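*Asks:* The structure's right below; bear with me while I get my questions together.
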Amino acid sequence: MEITAVIIDAQRTFADALAIRLNAEEDLSVVAVAQQTATTMGWHADVILVDVDLTGAMRLCRATSGAPQATRVIMLSHTSEPTRIVAAIEAGARGWVCKDESVEHLLRVLRGVARGETWLPPTETGNVLSLLMRQRDRRRDGDRKLALLTARERQVLACLAEGDSRNQIAERLNLTVNTVRTHLQNILAKLGVHSTLEAVALTQAWSMPPDGH
């Protein structure tokens, strides 16, 4: 069965050379080469190889991984930073390959990802797993604390996260400013923080994966 692929990299020479090499394999076919992620939205292939440093790389990853016929994404990078690998995994990436790896290694990863496997740099697997477990624990702690909030307190916090002032929250939720102030005091106490800025930052960290692009 032929595996179709798209290559997205700002260095056209690199992308073209890689396409020629992949097309030399009997079971692989590069259907497109691009230098920007925006031009590939809506394209379909079994696997997309994308430079993680390109603007929109993470957004493309989330969009393709959530599609009905999910296209698997492999991130290409010059480095193997655990935090960036974790961000890519949480965005839906199925593989991470350093550009200084051999083509043979990339071929193994590409075929494995096409089969549904996930590939990480062996030297960073332990660090990546540790980070993922710590993030999982933080989110569980966040869920536990958020569960302490009442429905109204959640509404107030949501308005706060959207940048509303106390007066705007009061008007939006049909409350008095004093009632909003009381809700905010309760929210800070339950979340264990000292300012509304900390409360918003915490809830965003619990619910949103990091995205460099």
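Chain lettering (A, B, ...) mirrors the order of the structure tokens, residue numbering begins at 1 for each chain separately, and ligand numbering begins at 1 in order of display.
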Which polymer residues have any atom within 12 Å of an atom of stretch 176-187 of chain A, counting only C-alpha atoms, with same-chain residues fewer than 5 positions away left out, as a ChimeraX atom specification?

*Replies:* /A:145-160,164-171,192-200,202-203

*Asks:* Go ahead and write the selection's residues with C-alpha atoms as a CSV table (one decimal), in the first residue's frame.

*Replies:*
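Heads up, here's the output in again_13.csv:
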chain,number,residue,atom,x,y,z
A,145,LYS,CA,-9.5,23.0,42.3
A,146,LEU,CA,-11.9,24.1,39.6
A,147,ALA,CA,-14.4,21.6,40.9
A,148,LEU,CA,-14.5,23.6,44.1
A,149,LEU,CA,-15.9,26.6,42.2
A,150,THR,CA,-19.7,27.2,42.0
A,151,ALA,CA,-21.3,27.6,38.6
A,152,ARG,CA,-21.5,31.4,39.2
A,153,GLU,CA,-17.8,31.5,40.2
A,154,ARG,CA,-16.9,29.7,37.0
A,155,GLN,CA,-18.9,32.3,35.0
A,156,VAL,CA,-17.1,35.1,36.8
A,157,LEU,CA,-13.7,33.5,36.1
A,158,ALA,CA,-14.6,32.9,32.5
A,159,CYS,CA,-15.4,36.6,32.1
A,160,LEU,CA,-12.2,37.5,33.9
A,164,ASP,CA,-13.6,41.9,31.6
A,165,SER,CA,-13.4,44.4,34.5
A,166,ARG,CA,-15.4,44.0,37.6
A,167,ASN,CA,-17.9,46.5,36.4
A,168,GLN,CA,-18.2,44.7,33.1
A,169,ILE,CA,-18.6,41.3,34.8
A,170,ALA,CA,-21.3,42.8,37.0
A,171,GLU,CA,-23.2,44.2,34.0
A,192,GLY,CA,-4.9,29.1,46.3
A,193,VAL,CA,-3.7,32.2,44.5
A,194,HIS,CA,-3.3,35.9,45.4
A,195,SER,CA,-4.4,37.8,42.4
A,196,THR,CA,-6.9,37.6,39.5
A,197,LEU,CA,-4.0,37.5,37.1
A,198,GLU,CA,-2.7,34.4,38.8
A,199,ALA,CA,-6.1,32.8,38.7
A,200,VAL,CA,-6.5,33.4,34.9
A,202,LEU,CA,-3.5,29.0,36.2
A,203,THR,CA,-6.8,28.1,34.5

*Asks:* Run DSSP on the backbone and tell me which residues of stretch 25-67 of chain A come out as alpha helix (DSSP H); list them as a PDB file with C-alpha atoms, in the first residue's frame.

*Replies:*
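The file below, states_2.pdb, is the result:
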ATOM      1  CA  ALA A  57       3.141  24.390  12.498  1.00  0.00           C
ATOM      2  CA  MET A  58       1.298  23.573  15.736  1.00  0.00           C
ATOM      3  CA  ARG A  59      -1.975  24.958  14.406  1.00  0.00           C
ATOM      4  CA  LEU A  60      -1.657  22.766  11.322  1.00  0.00           C
ATOM      5  CA  CYS A  61      -0.942  19.787  13.551  1.00  0.00           C
ATOM      6  CA  ARG A  62      -4.080  20.344  15.624  1.00  0.00           C
ATOM      7  CA  ALA A  63      -6.219  20.903  12.533  1.00  0.00           C
ATOM      8  CA  THR A  64      -5.081  17.766  10.730  1.00  0.00           C
ATOM      9  CA  SER A  65      -5.095  15.463  13.751  1.00  0.00           C
TER      10      SER A  65
END

*Asks:* Counting only C-alpha atoms, figure out which residue out of A:Leu129, A:Leu110, A:Val33, A:Ile20 gets nearest to A:Ile3.

*Replies:*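 Under the stated criterion, the closest residue is A:Leu110.
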
*Asks:* Which neighbours of A:Ser80 fall inside 9 Å, counting only C-alpha atoms, when residues of the same chain fewer than 6 positions from it are skipped, and could you give them as number ranges by chain?

*Replies:* A: 96-98, 121, 123-124

*Asks:* How about saving the chosen residues, N, CA and C atoms kept, as a short mmCIF file (atom, residue, chain, number, x, y, z; two decimals), in the first residue's frame?

*Replies:*
data_model
loop_
_atom_site.label_atom_id
_atom_site.label_comp_id
_atom_site.auth_asym_id
_atom_site.auth_seq_id
_atom_site.Cartn_x
_atom_site.Cartn_y
_atom_site.Cartn_z
N TRP A 96 8.65 12.92 15.91
CA TRP A 96 9.58 14.04 15.97
C TRP A 96 10.92 13.53 15.48
N VAL A 97 11.46 14.16 14.44
CA VAL A 97 12.72 13.72 13.85
C VAL A 97 13.66 14.91 13.71
N CYS A 98 14.89 14.76 14.18
CA CYS A 98 15.89 15.80 14.00
C CYS A 98 16.42 15.76 12.57
N PRO A 121 12.40 10.92 19.84
CA PRO A 121 13.85 10.74 19.87
C PRO A 121 14.22 9.86 21.07
N THR A 123 16.80 9.46 22.85
CA THR A 123 17.56 10.10 23.92
C THR A 123 16.68 11.00 24.79
N GLU A 124 15.50 11.38 24.29
CA GLU A 124 14.63 12.29 25.04
C GLU A 124 13.35 11.64 25.52
#

*Asks:* Using only C-alpha atoms, which residue out of A:Leu188, A:Ala32, A:Met133, A:Leu49 lies closest to A:Val109?

*Replies:*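 Of all the options, A:Leu49 lies closest to A:Val109.
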
*Asks:* Would you please work out which residue, of A:Thr71, A:Ser102, A:Thr55, A:Thr79, is nearest to A:Val6 when using only C-alpha atoms?

*Replies:*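 Closest candidate: A:Thr71.
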
*Asks:* In Å, rounded to a single decimal, give me how far atom CA of A:Gln35 is from atom CA of A:Gln11.

*Replies:*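 Answer for the atom CA of A:Gln11 to atom CA of A:Gln35 separation: 7.0 Å.
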
*Asks:* Residues of stretch 4-146 of chain A classed as strand (DSSP E) by DSSP on the backbone are to be reported as a list in words.

*Replies:*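 Selecting the strand (DSSP E) positions of stretch 4-146 of chain A gives Thr4, Ala5, Val6, Ile7, Ile8, Leu28, Ser29, Val30, Val31, Ala32, Val33, Ala34, Val47, Ile48, Leu49, Val50, Asp51, Arg72, Val73, Ile74, Met75, Leu76, Ser77, Gly95, Trp96, Val97 and Cys98 of chain A.
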
*Asks:* Kindly give the distance, in Å, that separates atom CA of A:Ile74 and atom CA of A:Val113, rounded to a single decimal.

*Replies:* 7.9 Å

*Asks:* Which polymer residues have any atom within 9 Å of an atom of A:Asp27, counting only C-alpha atoms, with same-chain residues fewer than 6 positions away left out, as number ranges by chain?

*Replies:* A: 1-4
